[in-house]
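Here's protein.csv, which has CSV, C-alpha atoms and all ligand atoms:
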```csv
chain,number,residue,atom,x,y,z
A,799,MET,CA,74.2,73.1,73.8
A,800,LYS,CA,76.1,73.0,77.1
A,801,LYS,CA,74.1,73.6,80.4
A,802,SER,CA,76.1,76.8,81.0
A,803,GLU,CA,75.2,78.2,77.6
A,804,ILE,CA,71.6,77.5,78.1
A,805,LEU,CA,71.6,79.4,81.4
A,806,SER,CA,73.7,82.3,80.0
A,807,GLY,CA,71.0,82.6,77.2
A,808,LEU,CA,68.5,83.4,79.9
A,809,ARG,CA,70.4,86.5,81.1
A,810,GLY,CA,68.5,89.7,80.8
A,811,ARG,CA,65.2,87.9,79.9
A,812,SER,CA,61.8,88.0,81.5
A,813,LEU,CA,59.7,85.1,82.5
A,814,LEU,CA,56.0,85.9,81.7
A,815,ARG,CA,54.7,82.5,80.6
A,816,ASP,CA,56.0,78.9,80.9
A,817,VAL,CA,56.0,78.7,77.1
A,818,ASP,CA,58.4,81.6,76.8
A,819,LEU,CA,61.0,79.0,77.7
A,820,THR,CA,62.3,76.2,75.4
A,821,LYS,CA,62.3,72.7,76.9
A,822,GLU,CA,66.0,72.9,77.4
A,823,GLU,CA,65.8,76.2,79.2
A,824,PHE,CA,63.0,74.9,81.4
A,825,ILE,CA,65.0,71.8,82.3
A,826,GLY,CA,68.1,74.0,82.8
A,827,LEU,CA,66.2,76.0,85.4
A,828,LEU,CA,65.1,72.8,87.2
A,829,ASP,CA,68.8,71.6,87.2
A,830,LEU,CA,69.9,75.0,88.5
A,831,GLY,CA,67.1,75.0,91.2
A,832,GLU,CA,68.3,71.5,92.3
A,833,ARG,CA,71.9,72.6,92.5
A,834,LEU,CA,71.0,75.8,94.5
A,835,ARG,CA,68.9,73.6,96.8
A,836,ARG,CA,71.8,71.3,97.4
A,837,GLU,CA,74.2,74.2,98.0
A,838,LYS,CA,71.7,75.8,100.5
A,839,TRP,CA,71.3,72.6,102.4
A,840,SER,CA,75.1,72.1,102.6
A,841,ALA,CA,75.7,75.8,103.4
A,842,THR,CA,77.9,76.2,100.3
A,843,GLU,CA,75.7,78.6,98.4
A,844,LYS,CA,77.5,81.2,96.3
A,845,LYS,CA,75.9,84.7,96.2
A,846,PHE,CA,75.4,85.6,92.5
A,847,LEU,CA,73.1,88.5,93.2
A,848,LYS,CA,75.2,90.7,95.6
A,849,GLY,CA,74.2,94.4,95.3
A,850,LYS,CA,71.1,93.7,93.1
A,851,ASN,CA,67.9,95.5,94.0
A,852,ILE,CA,64.6,93.6,93.4
A,853,ALA,CA,61.1,95.1,93.4
A,854,LEU,CA,58.2,92.8,94.4
A,855,ILE,CA,54.8,94.1,93.4
A,856,PHE,CA,51.8,92.2,94.6
A,857,GLU,CA,48.3,93.4,93.5
A,858,LYS,CA,46.9,90.1,95.0
A,859,SER,CA,47.9,88.4,98.3
A,860,SER,CA,50.6,85.8,98.6
A,861,THR,CA,52.3,83.6,101.1
A,862,ARG,CA,54.6,81.3,99.1
A,863,THR,CA,55.5,83.5,96.1
A,864,ARG,CA,56.4,86.5,98.2
A,865,SER,CA,58.4,84.4,100.7
A,866,ALA,CA,60.2,82.5,98.0
A,867,PHE,CA,61.3,85.8,96.2
A,868,GLU,CA,62.3,87.4,99.5
A,869,VAL,CA,64.2,84.4,100.9
A,870,ALA,CA,65.8,83.7,97.6
A,871,SER,CA,67.0,87.3,97.3
A,872,HIS,CA,68.4,87.3,100.8
A,873,ASP,CA,70.2,84.0,100.3
A,874,GLN,CA,71.8,85.4,97.1
A,875,GLY,CA,72.8,88.8,98.6
A,876,ALA,CA,70.1,90.9,96.9
A,877,HIS,CA,67.9,93.6,98.5
A,878,VAL,CA,64.1,93.6,98.1
A,879,THR,CA,61.3,96.2,98.2
A,880,TYR,CA,57.9,94.7,98.8
A,881,MET,CA,54.9,96.7,97.5
A,882,GLY,CA,51.6,95.1,98.5
A,883,PRO,CA,48.1,95.5,97.2
A,884,GLY,CA,47.1,99.2,97.0
A,885,GLU,CA,50.5,100.4,98.1
A,886,THR,CA,51.7,101.8,94.8
A,887,GLN,CA,50.4,104.4,92.3
A,888,LEU,CA,50.2,101.6,89.7
A,889,GLY,CA,46.9,101.6,87.9
A,890,HIS,CA,45.3,104.3,90.1
A,891,LYS,CA,47.2,107.4,89.4
A,892,GLU,CA,49.9,106.0,87.1
A,893,THR,CA,50.0,103.9,84.0
A,894,VAL,CA,51.8,100.5,84.0
A,895,LYS,CA,54.0,101.9,81.3
A,896,ASP,CA,55.1,104.9,83.5
A,897,THR,CA,55.6,102.7,86.6
A,898,ALA,CA,57.7,100.4,84.5
A,899,ARG,CA,60.0,103.2,83.3
A,900,VAL,CA,60.5,104.4,86.8
A,901,LEU,CA,61.2,101.0,88.4
A,902,GLY,CA,63.5,100.1,85.6
A,903,ARG,CA,65.8,103.0,86.6
A,904,MET,CA,66.0,101.8,90.2
A,905,TYR,CA,65.8,98.1,90.2
A,906,ASP,CA,67.7,95.2,88.5
A,907,GLY,CA,64.6,92.9,88.4
A,908,ILE,CA,60.9,93.1,89.1
A,909,GLU,CA,58.4,90.5,90.3
A,910,PHE,CA,54.8,91.2,89.5
A,911,ARG,CA,51.6,89.5,90.7
A,912,GLY,CA,48.5,91.0,89.3
A,913,PHE,CA,45.3,90.6,87.3
A,914,ALA,CA,45.6,91.3,83.6
A,915,HIS,CA,48.4,89.4,81.9
A,916,HIS,CA,48.9,92.4,79.6
A,917,ASP,CA,50.1,94.4,82.7
A,918,VAL,CA,53.1,92.1,83.2
A,919,GLU,CA,53.9,92.3,79.5
A,920,LEU,CA,53.9,96.1,79.7
A,921,LEU,CA,56.2,96.0,82.7
A,922,ALA,CA,58.6,93.8,80.8
A,923,GLU,CA,58.4,95.9,77.7
A,924,PHE,CA,59.0,99.2,79.3
A,925,SER,CA,61.2,98.6,82.4
A,926,GLY,CA,64.2,97.3,80.5
A,927,VAL,CA,65.0,94.8,83.2
A,928,PRO,CA,63.9,91.2,83.7
A,929,VAL,CA,60.3,90.9,84.9
A,930,TRP,CA,59.1,87.7,86.6
A,931,ASN,CA,55.4,86.8,86.5
A,932,GLY,CA,54.4,85.9,90.0
A,933,LEU,CA,50.8,85.0,88.8
A,934,THR,CA,48.3,86.8,86.6
A,935,ASP,CA,44.7,85.8,85.9
A,936,GLN,CA,46.1,83.7,82.9
A,937,TRP,CA,49.5,82.2,83.9
A,938,HIS,CA,51.5,81.1,86.9
A,939,PRO,CA,54.9,80.1,85.4
A,940,THR,CA,57.1,80.1,88.6
A,941,GLN,CA,54.6,77.6,90.1
A,942,LEU,CA,55.1,75.1,87.3
A,943,LEU,CA,58.9,75.2,87.7
A,944,ALA,CA,58.5,74.2,91.4
A,945,ASP,CA,55.9,71.6,90.4
A,946,MET,CA,58.0,70.0,87.7
A,947,LEU,CA,61.0,69.9,90.1
A,948,THR,CA,58.8,68.2,92.7
A,949,ILE,CA,57.5,65.7,90.1
A,950,ARG,CA,61.1,65.0,89.1
A,951,ASP,CA,62.1,64.5,92.7
A,952,HIS,CA,59.3,62.0,93.4
A,953,ALA,CA,59.0,60.2,90.0
A,954,THR,CA,60.7,56.9,89.4
A,955,LYS,CA,60.9,57.5,85.6
A,956,PRO,CA,61.9,60.3,83.2
A,957,LEU,CA,59.5,63.3,83.0
A,958,GLU,CA,58.5,62.3,79.4
A,959,GLN,CA,57.0,59.1,80.8
A,960,VAL,CA,55.1,60.7,83.7
A,961,ALA,CA,51.3,61.0,83.6
A,962,LEU,CA,50.1,64.2,85.3
A,963,THR,CA,46.4,64.8,85.9
A,964,TYR,CA,44.8,68.1,86.8
A,965,VAL,CA,41.2,68.0,88.1
A,966,GLY,CA,38.9,70.9,89.0
A,967,ASP,CA,38.7,74.5,87.6
A,968,ALA,CA,40.9,74.0,84.5
A,969,ARG,CA,40.4,77.6,83.1
A,970,ASN,CA,42.6,79.2,85.8
A,971,ASN,CA,46.2,80.4,85.8
A,972,THR,CA,47.7,77.2,87.4
A,973,ALA,CA,45.8,74.9,85.0
A,974,ASN,CA,46.8,76.9,81.9
A,975,SER,CA,50.5,76.8,83.0
A,976,LEU,CA,50.3,73.1,83.9
A,977,LEU,CA,48.8,72.1,80.5
A,978,CYS,CA,51.3,74.1,78.6
A,979,ALA,CA,54.4,73.3,80.7
A,980,GLY,CA,53.4,69.6,80.5
A,981,ALA,CA,53.0,69.8,76.7
A,982,LEU,CA,56.4,71.7,76.4
A,983,LEU,CA,58.2,69.0,78.4
A,984,GLY,CA,56.5,66.0,76.7
A,985,LEU,CA,54.5,64.6,79.6
A,986,ASP,CA,51.2,62.6,79.5
A,987,VAL,CA,49.0,65.5,80.6
A,988,ARG,CA,45.3,65.0,81.5
A,989,ILE,CA,42.7,67.5,82.4
A,990,GLY,CA,39.5,66.4,84.1
A,991,ALA,CA,37.0,69.3,84.2
A,992,PRO,CA,33.4,70.2,83.3
A,993,ILE,CA,33.0,71.6,79.8
A,994,GLY,CA,32.5,75.2,81.0
A,995,LEU,CA,35.7,75.0,83.1
A,996,GLN,CA,38.1,73.4,80.5
A,997,PRO,CA,41.0,75.4,79.1
A,998,SER,CA,40.1,78.0,76.5
A,999,GLU,CA,40.6,77.2,72.8
A,1000,ASP,CA,43.6,79.5,72.7
A,1001,VAL,CA,45.4,77.7,75.6
A,1002,GLN,CA,44.5,74.3,74.1
A,1003,LEU,CA,46.0,75.4,70.8
A,1004,ILE,CA,49.3,76.5,72.4
A,1005,ALA,CA,49.4,73.1,74.2
A,1006,ARG,CA,48.7,71.0,71.1
A,1007,ARG,CA,51.3,72.9,69.0
A,1008,LEU,CA,53.9,72.2,71.7
A,1009,ALA,CA,52.8,68.6,72.0
A,1010,ALA,CA,53.4,68.1,68.2
A,1011,HIS,CA,57.1,68.8,68.9
A,1012,SER,CA,57.5,67.2,72.3
A,1013,ASP,CA,55.4,64.0,71.7
A,1014,ALA,CA,53.3,65.0,74.8
A,1015,ARG,CA,50.0,63.2,75.1
A,1016,ILE,CA,47.0,65.5,75.9
A,1017,LEU,CA,43.7,64.3,77.2
A,1018,ILE,CA,40.9,66.8,78.1
A,1019,THR,CA,37.8,65.1,79.4
A,1020,GLU,CA,34.7,65.7,81.5
A,1021,ASN,CA,35.3,62.4,83.2
A,1022,ALA,CA,37.4,62.7,86.3
A,1023,GLN,CA,37.8,58.9,86.7
A,1024,GLU,CA,39.1,58.6,83.1
A,1025,ALA,CA,41.5,61.5,83.7
A,1026,VAL,CA,43.1,59.9,86.8
A,1027,ALA,CA,43.2,56.3,85.5
A,1028,ASN,CA,46.8,55.0,85.9
A,1029,THR,CA,48.1,58.5,86.5
A,1030,ASP,CA,51.3,59.2,88.5
A,1031,PHE,CA,50.3,62.6,89.9
A,1032,ILE,CA,46.9,64.2,90.7
A,1033,TYR,CA,46.9,68.0,90.9
A,1034,THR,CA,44.2,70.4,91.9
A,1035,ASP,CA,43.8,74.1,92.8
A,1036,VAL,CA,41.1,76.3,94.3
A,1037,TRP,CA,37.7,76.4,92.7
A,1038,VAL,CA,37.4,80.2,92.7
A,1039,SER,CA,40.6,82.1,92.1
A,1040,MET,CA,41.7,85.4,93.4
A,1041,GLY,CA,40.0,88.2,91.6
A,1042,GLU,CA,36.9,86.1,90.7
A,1043,PRO,CA,33.6,87.1,92.2
A,1044,THR,CA,33.0,85.4,95.5
A,1045,ASP,CA,29.3,84.8,94.5
A,1046,SER,CA,30.7,82.2,92.1
A,1047,TRP,CA,31.2,79.7,94.9
A,1048,ALA,CA,27.7,78.1,95.0
A,1049,GLU,CA,27.7,77.4,91.3
A,1050,ARG,CA,31.3,76.2,91.3
A,1051,ILE,CA,30.7,73.8,94.1
A,1052,LYS,CA,27.8,72.3,92.3
A,1053,LEU,CA,29.8,71.9,89.1
A,1054,LEU,CA,33.1,70.8,90.7
A,1055,LEU,CA,32.2,68.4,93.5
A,1056,PRO,CA,32.5,65.4,91.1
A,1057,TYR,CA,36.1,66.5,90.6
A,1058,GLN,CA,37.0,66.8,94.3
A,1059,VAL,CA,40.2,64.9,95.1
A,1060,ASN,CA,38.9,62.5,97.7
A,1061,GLU,CA,39.9,58.9,98.6
A,1062,ASP,CA,37.6,57.5,95.9
A,1063,LEU,CA,39.2,59.6,93.2
A,1064,VAL,CA,42.7,58.7,94.4
A,1065,LYS,CA,41.6,55.0,94.3
A,1066,ALA,CA,40.3,55.5,90.8
A,1067,SER,CA,44.0,56.1,89.7
A,1068,LYS,CA,44.6,52.3,90.4
A,1069,ASN,CA,48.1,53.4,91.3
A,1070,PRO,CA,49.2,52.7,94.9
A,1071,ASP,CA,52.1,55.1,94.4
A,1072,VAL,CA,50.1,58.0,93.0
A,1073,ARG,CA,51.0,61.4,94.6
A,1074,PHE,CA,48.9,64.4,95.3
A,1075,LEU,CA,50.0,68.0,94.3
A,1076,HIS,CA,48.4,71.4,95.0
A,1077,CYS,CA,49.9,74.8,94.5
A,1078,LEU,CA,48.3,76.0,97.8
A,1079,PRO,CA,46.5,77.6,99.5
A,1080,ALA,CA,44.1,74.7,99.8
A,1081,LEU,CA,40.5,74.6,101.2
A,1082,HIS,CA,40.7,71.1,102.7
A,1083,ASN,CA,38.8,71.7,106.0
A,1084,THR,CA,36.6,74.3,107.8
A,1085,ASP,CA,39.5,75.8,109.8
A,1086,THR,CA,39.8,78.9,107.6
A,1087,ASP,CA,37.4,81.8,107.3
A,1088,VAL,CA,36.4,80.8,103.7
A,1089,GLY,CA,36.2,77.1,104.6
A,1090,ALA,CA,33.9,77.9,107.6
A,1091,GLU,CA,31.7,80.3,105.6
A,1092,LEU,CA,31.3,77.7,102.8
A,1093,ASN,CA,30.5,75.0,105.3
A,1094,LYS,CA,27.7,77.2,106.7
A,1095,LYS,CA,26.4,78.4,103.4
A,1096,CYS,CA,26.8,75.3,101.2
A,1097,GLY,CA,27.2,72.4,103.7
A,1098,VAL,CA,30.6,71.3,102.5
A,1099,SER,CA,33.4,70.4,104.9
A,1100,ALA,CA,36.1,70.4,102.2
A,1101,LEU,CA,36.4,71.9,98.7
A,1102,GLU,CA,38.9,70.8,96.0
A,1103,VAL,CA,40.6,68.2,98.2
A,1104,THR,CA,39.5,66.4,101.4
A,1105,ASP,CA,41.4,66.6,104.6
A,1106,GLU,CA,42.1,62.8,104.4
A,1107,VAL,CA,43.9,63.1,101.1
A,1108,PHE,CA,45.6,66.4,102.0
A,1109,GLU,CA,47.1,64.9,105.2
A,1110,SER,CA,47.8,61.5,103.7
A,1111,LYS,CA,51.2,60.0,102.7
A,1112,THR,CA,50.1,60.6,99.1
A,1113,SER,CA,50.3,64.3,99.5
A,1114,ILE,CA,53.6,66.0,98.7
A,1115,VAL,CA,52.3,69.6,98.8
A,1116,PHE,CA,54.9,70.9,101.3
A,1117,ASP,CA,57.8,69.6,99.2
A,1118,GLN,CA,56.2,71.4,96.3
A,1119,ALA,CA,55.9,74.6,98.4
A,1120,GLU,CA,59.5,74.5,99.4
A,1121,ASN,CA,60.6,74.0,95.8
A,1122,ARG,CA,59.1,77.4,95.0
A,1123,LEU,CA,62.1,78.9,96.8
A,1124,HIS,CA,64.7,76.9,94.9
A,1125,THR,CA,63.2,77.4,91.5
A,1126,ILE,CA,62.4,81.1,91.9
A,1127,LYS,CA,66.0,81.5,93.0
A,1128,ALA,CA,67.1,79.7,89.9
A,1129,VAL,CA,65.0,82.1,87.7
A,1130,MET,CA,66.5,85.2,89.4
A,1131,VAL,CA,70.1,83.8,89.2
A,1132,ALA,CA,69.8,82.8,85.6
A,1133,THR,CA,68.1,86.0,84.4
A,1134,LEU,CA,70.2,88.4,86.4
A,1135,ALA,CA,73.6,86.7,86.5
A,1136,GLY,CA,73.3,84.0,83.7
A,1137,ALA,CA,74.9,81.5,86.1
B,1,LIG,N1,51.1,78.9,95.2
B,1,LIG,C1,51.1,80.2,95.3
B,1,LIG,O1,51.4,81.0,94.4
B,1,LIG,O2,50.9,80.6,96.6
B,1,LIG,P1,50.8,82.1,97.2
B,1,LIG,O3,49.5,82.6,96.6
B,1,LIG,O4,50.8,82.0,98.6
B,1,LIG,O5,51.9,82.9,96.6
B,2,LIG,N1,44.4,79.8,90.9
B,2,LIG,C1,44.8,80.3,92.2
B,2,LIG,C2,46.2,80.1,92.4
B,2,LIG,C3,46.7,80.6,93.7
B,2,LIG,C4,48.2,80.4,93.9
B,2,LIG,C5,44.4,81.8,92.2
B,2,LIG,O1,44.7,82.5,91.2
B,2,LIG,O2,43.9,82.3,93.2
```

Just give me the structure as structure tokens.
Amino acid sequence: MKKSEILSGLRGRSLLRDVDLTKEEFIGLLDLGERLRREKWSATEKKFLKGKNIALIFEKSSTRTRSAFEVASHDQGAHVTYMGPGETQLGHKETVKDTARVLGRMYDGIEFRGFAHHDVELLAEFSGVPVWNGLTDQWHPTQLLADMLTIRDHATKPLEQVALTYVGDARNNTANSLLCAGALLGLDVRIGAPIGLQPSEDVQLIARRLAAHSDARILITENAQEAVANTDFIYTDVWVSMGEPTDSWAERIKLLLPYQVNEDLVKASKNPDVRFLHCLPALHNTDTDVGAELNKKCGVSALEVTDEVFESKTSIVFDQAENRLHTIKAVMVATLAGA
């Protein structure tokens, strides 16, 4: 199938989970993101979304996802309405189904960041317009598009030969999406996490089914050193996600300190060219409210990644953050304009 046919096949569709895409569609979005990035940098970007209205609903806070959707919309000539936590009737006085039917009559596309994944499914089912999942408790698909583009930018070999290791809380949205997107695209995907924080059976099953088609290699282990051995990329995320009780911190720190991305773990990769990824925000020092509080309560100066690694040449987290813009733009352009 030609690239243009793959993208036109995405027109009118929603993006709720990474695995709603075929491998060809996923790669098609990466290629489109790369093209839109090139065009933005050379000031030759065409506006495919002129006159479109986009709703951005955030039930949880955001820096990157919100900024990426807003800047991408402005770059492409669309208008946005931002509705932050507690600012809509959704869930309080109005059902998701009713909100979906209202927004679908006013907007051409809806971004939703929330808690239950079922809510984003209801929005997609009843709004009648493309809905983009900007993160739910279970999945973070737009993140993985940016991550895979970043990996492709920095890798010296095809994606299918890349080893990508995730360490830390591997039951969260980012880890679920990483495992399944890696399996979809045929990578060597490794997860290093304690038993209680490994991906659920359901998510593992999805990944293993995809791997049977893509020849992806999947390793899920309690041993962080084994997970990073000879890997190309080490990825981590926060140890307590948005929406989880904050009194989980002490227990999580105890469980996850052996999975902290520090210089020893980076060295255990035995790969001098290994690169560090993080979806951000990251707790790598005590300069944030949460970082300072955890330092006081639990005596830790960094959580999932140390400052040394975060600030080192190994770290490509800001390239990764920028790619949120280009890949989210690709999703909107493909699903609203099929271009
Ligand atoms: N990575 C990510 O989704 O960041 P935000 O929470 O800032 O949107
Ligand atoms: N797992 C994190 C991702 C933040 C982008 C969270 O849900 O808080």

Closest-contact table, range 900-946 of chain A side, partner range 821-838 of chain A, 10 Å, counting all atoms listed in the file, as a tab-separated table:
```
residue	atom	partner	partner_atom	distance
A:Leu942	CA	A:Phe824	CA	9.9
A:Leu943	CA	A:Leu828	CA	6.7
A:Ala944	CA	A:Leu828	CA	7.9
A:Asp945	CA	A:Leu828	CA	9.8
A:Met946	CA	A:Leu828	CA	7.6
```

Serialized selection, C-alpha atoms, as a PDB file, in the coordinates of the input:
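Below you can see again09.pdb, which holds the result:
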```
ATOM      1  CA  LEU A 942      55.100  75.100  87.300  1.00  0.00           C
ATOM      2  CA  LEU A 943      58.900  75.200  87.700  1.00  0.00           C
ATOM      3  CA  ALA A 944      58.500  74.200  91.400  1.00  0.00           C
ATOM      4  CA  ASP A 945      55.900  71.600  90.400  1.00  0.00           C
ATOM      5  CA  MET A 946      58.000  70.000  87.700  1.00  0.00           C
TER       6      MET A 946
END
```

Considering all atoms listed in the file, tabulate each residue of chain A that lies at most 7 Å from ligand LIG 1 (chain B) along with its nearest interatomic pair and the corresponding distance in Å to one decimal; arrange the rows by chain and ascending residue number and present them as a tab-separated table.
```
residue	atom	partner	partner_atom	distance
A:Ser859	CA	B:LIG1	O3	6.3
A:Ser860	CA	B:LIG1	O5	3.8
A:Thr861	CA	B:LIG1	O4	3.3
A:Arg862	CA	B:LIG1	O4	3.9
A:Thr863	CA	B:LIG1	O5	3.7
A:Arg864	CA	B:LIG1	O5	6.0
A:Leu933	CA	B:LIG1	O1	6.9
A:Gln941	CA	B:LIG1	N1	6.3
A:Cys1077	CA	B:LIG1	N1	4.3
A:Leu1078	CA	B:LIG1	N1	4.8
A:Pro1079	CA	B:LIG1	O2	6.1
```

Atoms to include: C-alpha atoms. Write the selected residues as an mmCIF file, in the frame of the given file.
```cif
data_model
loop_
_atom_site.group_PDB
_atom_site.id
_atom_site.type_symbol
_atom_site.label_atom_id
_atom_site.label_comp_id
_atom_site.auth_asym_id
_atom_site.auth_seq_id
_atom_site.Cartn_x
_atom_site.Cartn_y
_atom_site.Cartn_z
ATOM 1 C CA SER A 859 47.900 88.400 98.300
ATOM 2 C CA SER A 860 50.600 85.800 98.600
ATOM 3 C CA THR A 861 52.300 83.600 101.100
ATOM 4 C CA ARG A 862 54.600 81.300 99.100
ATOM 5 C CA THR A 863 55.500 83.500 96.100
ATOM 6 C CA ARG A 864 56.400 86.500 98.200
ATOM 7 C CA LEU A 933 50.800 85.000 88.800
ATOM 8 C CA GLN A 941 54.600 77.600 90.100
ATOM 9 C CA CYS A 1077 49.900 74.800 94.500
ATOM 10 C CA LEU A 1078 48.300 76.000 97.800
ATOM 11 C CA PRO A 1079 46.500 77.600 99.500
#
```

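Shortest atom-to-atom contact with ligand LIG 2 (chain B) among A:Met799, A:Val900, A:Ala979, A:Leu1081: A:Leu1081, counting all atoms listed in the file.
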
Residues at most 8 Å from Phe867 in chain A, counting only C-alpha atoms, excluding those fewer than 5 positions away in the same chain, as an NGL selection string?
-> :A and (854 or 1123 or 1126-1127)

Output the neighbourhood of ligand LIG 2 (chain B) as a ChimeraX atom specification, that is, all protein and nucleic acid residues with some atom at most 12 Å from the ligand, counting all atoms listed in the file.
-> /A:857-864,911-914,932-942,966-976,1034-1044,1076-1081,1102,1119,1122

Excluding Leu1054 in chain A and residues on its chain fewer than 2 positions from it, collect all residues at most 9 Å away from it, counting all atoms listed in the file, and give them as a VMD selection string.
-> chain A and resid 965 to 967 991 to 992 1037 1049 to 1052 1056 to 1058 1101 to 1102

Quick one: write out the picked residues with C-alpha atoms as a PDB file, keeping the file's coordinate frame?
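Result went into part-v8.pdb, see below:
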```pdb
ATOM      1  CA  VAL A 965      41.200  68.000  88.100  1.00  0.00           C
ATOM      2  CA  GLY A 966      38.900  70.900  89.000  1.00  0.00           C
ATOM      3  CA  ASP A 967      38.700  74.500  87.600  1.00  0.00           C
ATOM      4  CA  ALA A 991      37.000  69.300  84.200  1.00  0.00           C
ATOM      5  CA  PRO A 992      33.400  70.200  83.300  1.00  0.00           C
ATOM      6  CA  TRP A1037      37.700  76.400  92.700  1.00  0.00           C
ATOM      7  CA  GLU A1049      27.700  77.400  91.300  1.00  0.00           C
ATOM      8  CA  ARG A1050      31.300  76.200  91.300  1.00  0.00           C
ATOM      9  CA  ILE A1051      30.700  73.800  94.100  1.00  0.00           C
ATOM     10  CA  LYS A1052      27.800  72.300  92.300  1.00  0.00           C
ATOM     11  CA  PRO A1056      32.500  65.400  91.100  1.00  0.00           C
ATOM     12  CA  TYR A1057      36.100  66.500  90.600  1.00  0.00           C
ATOM     13  CA  GLN A1058      37.000  66.800  94.300  1.00  0.00           C
ATOM     14  CA  LEU A1101      36.400  71.900  98.700  1.00  0.00           C
ATOM     15  CA  GLU A1102      38.900  70.800  96.000  1.00  0.00           C
TER      16      GLU A1102
END
```

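Here the question is which of A:Ala953, A:Leu995, A:Leu888, A:Ala1014 gets nearest to Leu920 in chain A using all atoms listed in the file, and that residue is A:Leu888.
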
Test item: residues at most 9 Å from Leu1134 in chain A, all atoms listed in the file, excluding those fewer than 6 positions along its chain, as number ranges by chain = A: 808-811, 846-847, 850, 906-907, 927-928

Taking into account all atoms listed in the file, which residue in the set A:Lys1094, A:Arg903, A:Lys895, A:Lys1068 is nearest to Leu921 in chain A?
-> A:Lys895

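Atom pair CA of Glu1120 in chain A / CA of Thr954 in chain A: separated by 20.3 Å.
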
Ala1066 in chain A: which residues within 8 Å, counting only C-alpha atoms, same-chain residues fewer than 2 positions away excluded, as a list in words?
-> Gln1023, Val1026, Ala1027, Asp1062, Leu1063, Val1064 and Lys1068 of chain A

Residues of the last selection are to be written out with C-alpha atoms, as a PDB file, in the frame of the given file.
```
ATOM      1  CA  GLN A1023      37.800  58.900  86.700  1.00  0.00           C
ATOM      2  CA  VAL A1026      43.100  59.900  86.800  1.00  0.00           C
ATOM      3  CA  ALA A1027      43.200  56.300  85.500  1.00  0.00           C
ATOM      4  CA  ASP A1062      37.600  57.500  95.900  1.00  0.00           C
ATOM      5  CA  LEU A1063      39.200  59.600  93.200  1.00  0.00           C
ATOM      6  CA  VAL A1064      42.700  58.700  94.400  1.00  0.00           C
ATOM      7  CA  LYS A1068      44.600  52.300  90.400  1.00  0.00           C
TER       8      LYS A1068
END
```

Within 9 Å of Glu1106 in chain A, counting all atoms listed in the file, which residues show up once you throw out same-chain ones fewer than 5 positions away? Write them as a ChimeraX atom specification, please.
-> /A:1060-1061,1082

Those selected residues, please, written with C-alpha atoms and delivered as a tab-separated table (two decimals), in the coordinates of the input.
```
chain	number	residue	atom	x	y	z
A	1060	ASN	CA	38.90	62.50	97.70
A	1061	GLU	CA	39.90	58.90	98.60
A	1082	HIS	CA	40.70	71.10	102.70
```

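Taking CA of Glu999 in chain A and CA of Asp818 in chain A as endpoints, the distance between them is 18.8 Å.
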
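With all atoms listed in the file as the atoms that count, the residue of A:Phe1108, A:Trp1047, A:Trp930, A:Phe1074 with the shortest distance to Asn1093 in chain A is A:Trp1047.
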
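The closest residue to Ala1022 in chain A, picked from A:Thr842, A:Thr963, A:Asn1069, A:Ser1046 and counting all atoms listed in the file, is A:Thr963.
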
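From CA of Ala1137 in chain A back to CA of Leu985 in chain A, the distance works out to 27.3 Å.
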
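With distances taken over all atoms listed in the file, A:Ala1132 is the one residue among A:Cys978, A:Ala1132, A:Met904, A:Val869 lying closest to Lys801 in chain A.
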